[in-house]
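Asker: One structure, pasted below without further comment.
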Amino acid sequence: MDARLLDQLRHGEVQGGACFRGSQDDALSEAGWGQMLRATAQMPVWTDIVSSPARRCADFARHLAAIHEIPLRILDDFRERHFGAWEGLTAAQIPPADLARFWADPVGQTPPDAESFSDFRQRVRGVWSQMRDTDEPRTLLVTHGGVIRVLLAEVLCLQDPAALLIEVPHACLTRLRLPEPLGRPSLIAHGCRS
């Protein structure tokens with residue numbers, strides 16, 4: 001069997017603008033829908049779609065699955081990291097000293113009542129192993145920037161601080177090659193966007 005492909009698509013821009021949005025369930029903006037439509041317009045049809053349960057991912061995944069008649073699975077563990085007390089806040093709304101500590105050490109500094117980065121990475125690792133075990137030849141995963149960073153860190157053997165340095169803009173496409181049966185996954189492309 002040839003290698004399988006896993007395409008990852010970060011959601012587009014979201015209603016409400018930029019903020020710490022992990023579990024806050026805002027919908028895509030009109031611009032965000034356009035970004036995702038452009039990002040997927042020239043792609044070959046996938047054999048299945050997997051999505052985070054967040055509206056900013058799942059609404060578009062349902063749309064794409066319906067128009068192409070592709071099976072869709074919603075997997076809860078592909079949701080974004082929960083930012084606790086910072087959910088829905090902009091950077092300007094967080095005390096500057098707290099924000100400075102977080103930016104200086106986003107792995108070691110966890111916002112109040114938030115999911116730690118190590119717990120987040122462990123959660124995504126678990127569902128990643130499920131994805132690697134499927135037989136689908138070409139899967140699209142509609143998810144979040146944090147999830148894509150973790151998956152790239154797994155493939156590229158990066159430590160947590162390095163994973164957080166990967167830029168994942170809105171509607172960014174990333175392609176991984178999943179070899180069969182033994183072999184390691186590899187990165188084919190990252191940062192493709194319309």
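FYI, nothing fancy with the structure tokens labels: chains A, B, ... in order, residues from 1 per chain, ligands from 1 as they appear.
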Select from chain A everything DSSP, run on the backbone, classes as strand (DSSP E or B), then give the selection as JSON, numbers by chain.

Answerer: {"A": [4, 5, 6, 7, 8, 9, 10, 14, 28, 48, 49, 50, 51, 72, 73, 74, 138, 139, 140, 141, 142, 143, 173, 174, 175, 176, 177, 178, 186, 187, 188, 189, 190, 191, 192]}

Asker: Of the candidates A:Glu180, A:Phe117, A:Asp133, A:Thr143, which shows the shortest atom-to-atom distance to Asp160 (chain A), using only C-alpha atoms?

Answerer: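 The closest residue to Asp160 (chain A) is A:Phe117.
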
Asker: Within 9 Å of region 91-102 of chain A, counting only C-alpha atoms, which residues show up once you throw out same-chain ones fewer than 6 positions away? Write them as a ChimeraX atom specification, please.

Answerer: /A:18-20,108-111

Asker: Can you tell me, as a list in words, what residues are no more than 9 Å from Pro53 (chain A) when counting only C-alpha atoms, ignoring any on the same chain fewer than 6 positions away?

Answerer: Asp59, Ile74, Leu75, Asp76, Asp77, Phe78, Arg79 and Thr143 of chain A

Asker: Write a file of the just-selected residues containing C-alpha atoms, as a PDB file, in the first residue's frame.

Answerer:
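This went into selection06.pdb:
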ATOM      1  CA  ASP A  59     -19.310  23.940  10.632  1.00  0.00           C
ATOM      2  CA  ILE A  74     -15.886  14.768  14.945  1.00  0.00           C
ATOM      3  CA  LEU A  75     -13.175  13.936  17.496  1.00  0.00           C
ATOM      4  CA  ASP A  76     -13.279  15.840  20.769  1.00  0.00           C
ATOM      5  CA  ASP A  77      -9.564  15.451  21.498  1.00  0.00           C
ATOM      6  CA  PHE A  78      -8.702  17.577  18.441  1.00  0.00           C
ATOM      7  CA  ARG A  79     -10.140  20.642  20.225  1.00  0.00           C
ATOM      8  CA  THR A 143      -8.559  21.836  13.548  1.00  0.00           C
TER       9      THR A 143
END

Asker: For Arg81 (chain A), list every protein, DNA or RNA residue within 12 Å, evaluated using only C-alpha atoms, and leave out those in the same chain fewer than 2 positions away; present the list as a count of residues only.

Answerer: 38

Asker: Neighbours of Gln8 (chain A) within 8 Å (only C-alpha atoms; same-chain residues fewer than 2 positions away dropped), as a PyMOL selection string?

Answerer: chain A and resi 6+10+140-143+148+172-175

Asker: Can those selected residues be exported to a file as a PDB file, in the first residue's frame so that it contains N, CA, C and O atoms?

Answerer:
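Okay, result21.pdb is ready:
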ATOM      1  N   LEU A   6      -2.196  12.969   5.269  1.00  0.00           N
ATOM      2  CA  LEU A   6      -3.034  13.657   6.234  1.00  0.00           C
ATOM      3  C   LEU A   6      -2.840  15.153   6.012  1.00  0.00           C
ATOM      4  O   LEU A   6      -1.760  15.688   6.254  1.00  0.00           O
ATOM      5  N   ARG A  10      -6.092  24.614   9.395  1.00  0.00           N
ATOM      6  CA  ARG A  10      -6.496  25.442  10.535  1.00  0.00           C
ATOM      7  C   ARG A  10      -7.737  26.232  10.123  1.00  0.00           C
ATOM      8  O   ARG A  10      -7.870  26.661   8.973  1.00  0.00           O
ATOM      9  N   LEU A 140      -8.540  14.721   5.598  1.00  0.00           N
ATOM     10  CA  LEU A 140      -8.444  16.135   5.948  1.00  0.00           C
ATOM     11  C   LEU A 140      -8.827  16.276   7.411  1.00  0.00           C
ATOM     12  O   LEU A 140      -9.889  15.811   7.829  1.00  0.00           O
ATOM     13  N   LEU A 141      -7.967  16.918   8.191  1.00  0.00           N
ATOM     14  CA  LEU A 141      -8.245  17.238   9.582  1.00  0.00           C
ATOM     15  C   LEU A 141      -8.459  18.744   9.679  1.00  0.00           C
ATOM     16  O   LEU A 141      -7.559  19.518   9.360  1.00  0.00           O
ATOM     17  N   VAL A 142      -9.661  19.155  10.086  1.00  0.00           N
ATOM     18  CA  VAL A 142      -9.969  20.577  10.278  1.00  0.00           C
ATOM     19  C   VAL A 142      -9.842  20.854  11.770  1.00  0.00           C
ATOM     20  O   VAL A 142     -10.595  20.307  12.572  1.00  0.00           O
ATOM     21  N   THR A 143      -8.885  21.689  12.127  1.00  0.00           N
ATOM     22  CA  THR A 143      -8.559  21.836  13.548  1.00  0.00           C
ATOM     23  C   THR A 143      -7.989  23.219  13.849  1.00  0.00           C
ATOM     24  O   THR A 143      -8.280  24.190  13.157  1.00  0.00           O
ATOM     25  N   ILE A 148      -2.177  21.640  15.385  1.00  0.00           N
ATOM     26  CA  ILE A 148      -1.243  21.454  14.272  1.00  0.00           C
ATOM     27  C   ILE A 148       0.198  21.570  14.766  1.00  0.00           C
ATOM     28  O   ILE A 148       1.064  20.788  14.373  1.00  0.00           O
ATOM     29  N   CYS A 172      -4.431  27.841   7.093  1.00  0.00           N
ATOM     30  CA  CYS A 172      -3.150  27.275   6.704  1.00  0.00           C
ATOM     31  C   CYS A 172      -3.302  25.769   6.495  1.00  0.00           C
ATOM     32  O   CYS A 172      -3.922  25.090   7.312  1.00  0.00           O
ATOM     33  N   LEU A 173      -2.742  25.264   5.403  1.00  0.00           N
ATOM     34  CA  LEU A 173      -2.749  23.828   5.119  1.00  0.00           C
ATOM     35  C   LEU A 173      -1.371  23.231   5.402  1.00  0.00           C
ATOM     36  O   LEU A 173      -0.352  23.815   5.052  1.00  0.00           O
ATOM     37  N   THR A 174      -1.378  22.080   6.024  1.00  0.00           N
ATOM     38  CA  THR A 174      -0.163  21.328   6.329  1.00  0.00           C
ATOM     39  C   THR A 174      -0.391  19.897   5.851  1.00  0.00           C
ATOM     40  O   THR A 174      -1.453  19.328   6.096  1.00  0.00           O
ATOM     41  N   ARG A 175       0.581  19.331   5.181  1.00  0.00           N
ATOM     42  CA  ARG A 175       0.438  17.952   4.672  1.00  0.00           C
ATOM     43  C   ARG A 175       1.502  17.055   5.276  1.00  0.00           C
ATOM     44  O   ARG A 175       2.692  17.360   5.237  1.00  0.00           O
TER      45      ARG A 175
END

Asker: Just the number, please: distance in Å from CA of Gln42 (chain A) to CA of Thr139 (chain A), one decimal.

Answerer: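 Separating CA of Gln42 (chain A) from CA of Thr139 (chain A) is a distance of 15.4 Å.
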
Asker: Looking at only C-alpha atoms, which of A:Asp26, A:Thr40, A:Ala31, A:Leu89 is the one that sits closest to Ala58 (chain A)?

Answerer: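 For Ala58 (chain A), the nearest of the candidates is A:Asp26.
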
Asker: Which residues in chain A does DSSP call alpha helix (DSSP H)? List them as a PyMOL selection string.

Answerer: chain A and resi 30-41+55-68+96-104+117-132+145-156+160-163

Asker: So which residues touch Met131 (chain A) within 10 Å, counting only C-alpha atoms, skipping near sequence neighbours fewer than 4 positions away, as a PyMOL selection string?

Answerer: chain A and resi 6+50+125-127+135-136+139+141+178

Asker: Pick from A:Asp2, A:His170, A:Gly183, A:Gly17: nearest to Gly32 (chain A), with only C-alpha atoms counted?

Answerer: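 Among A:Asp2, A:His170, A:Gly183, A:Gly17, it is A:His170 that comes nearest to Gly32 (chain A).
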
Asker: Please compute the CA of Trp128 (chain A)-CA of Gln35 (chain A) distance, one decimal, in Å.

Answerer: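 The value is 25.6 Å.
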
Asker: Taking only C-alpha atoms into account, which of A:Ala162, A:Leu72, A:Leu176, A:Val14 comes nearest Ile49 (chain A)?

Answerer: A:Leu72
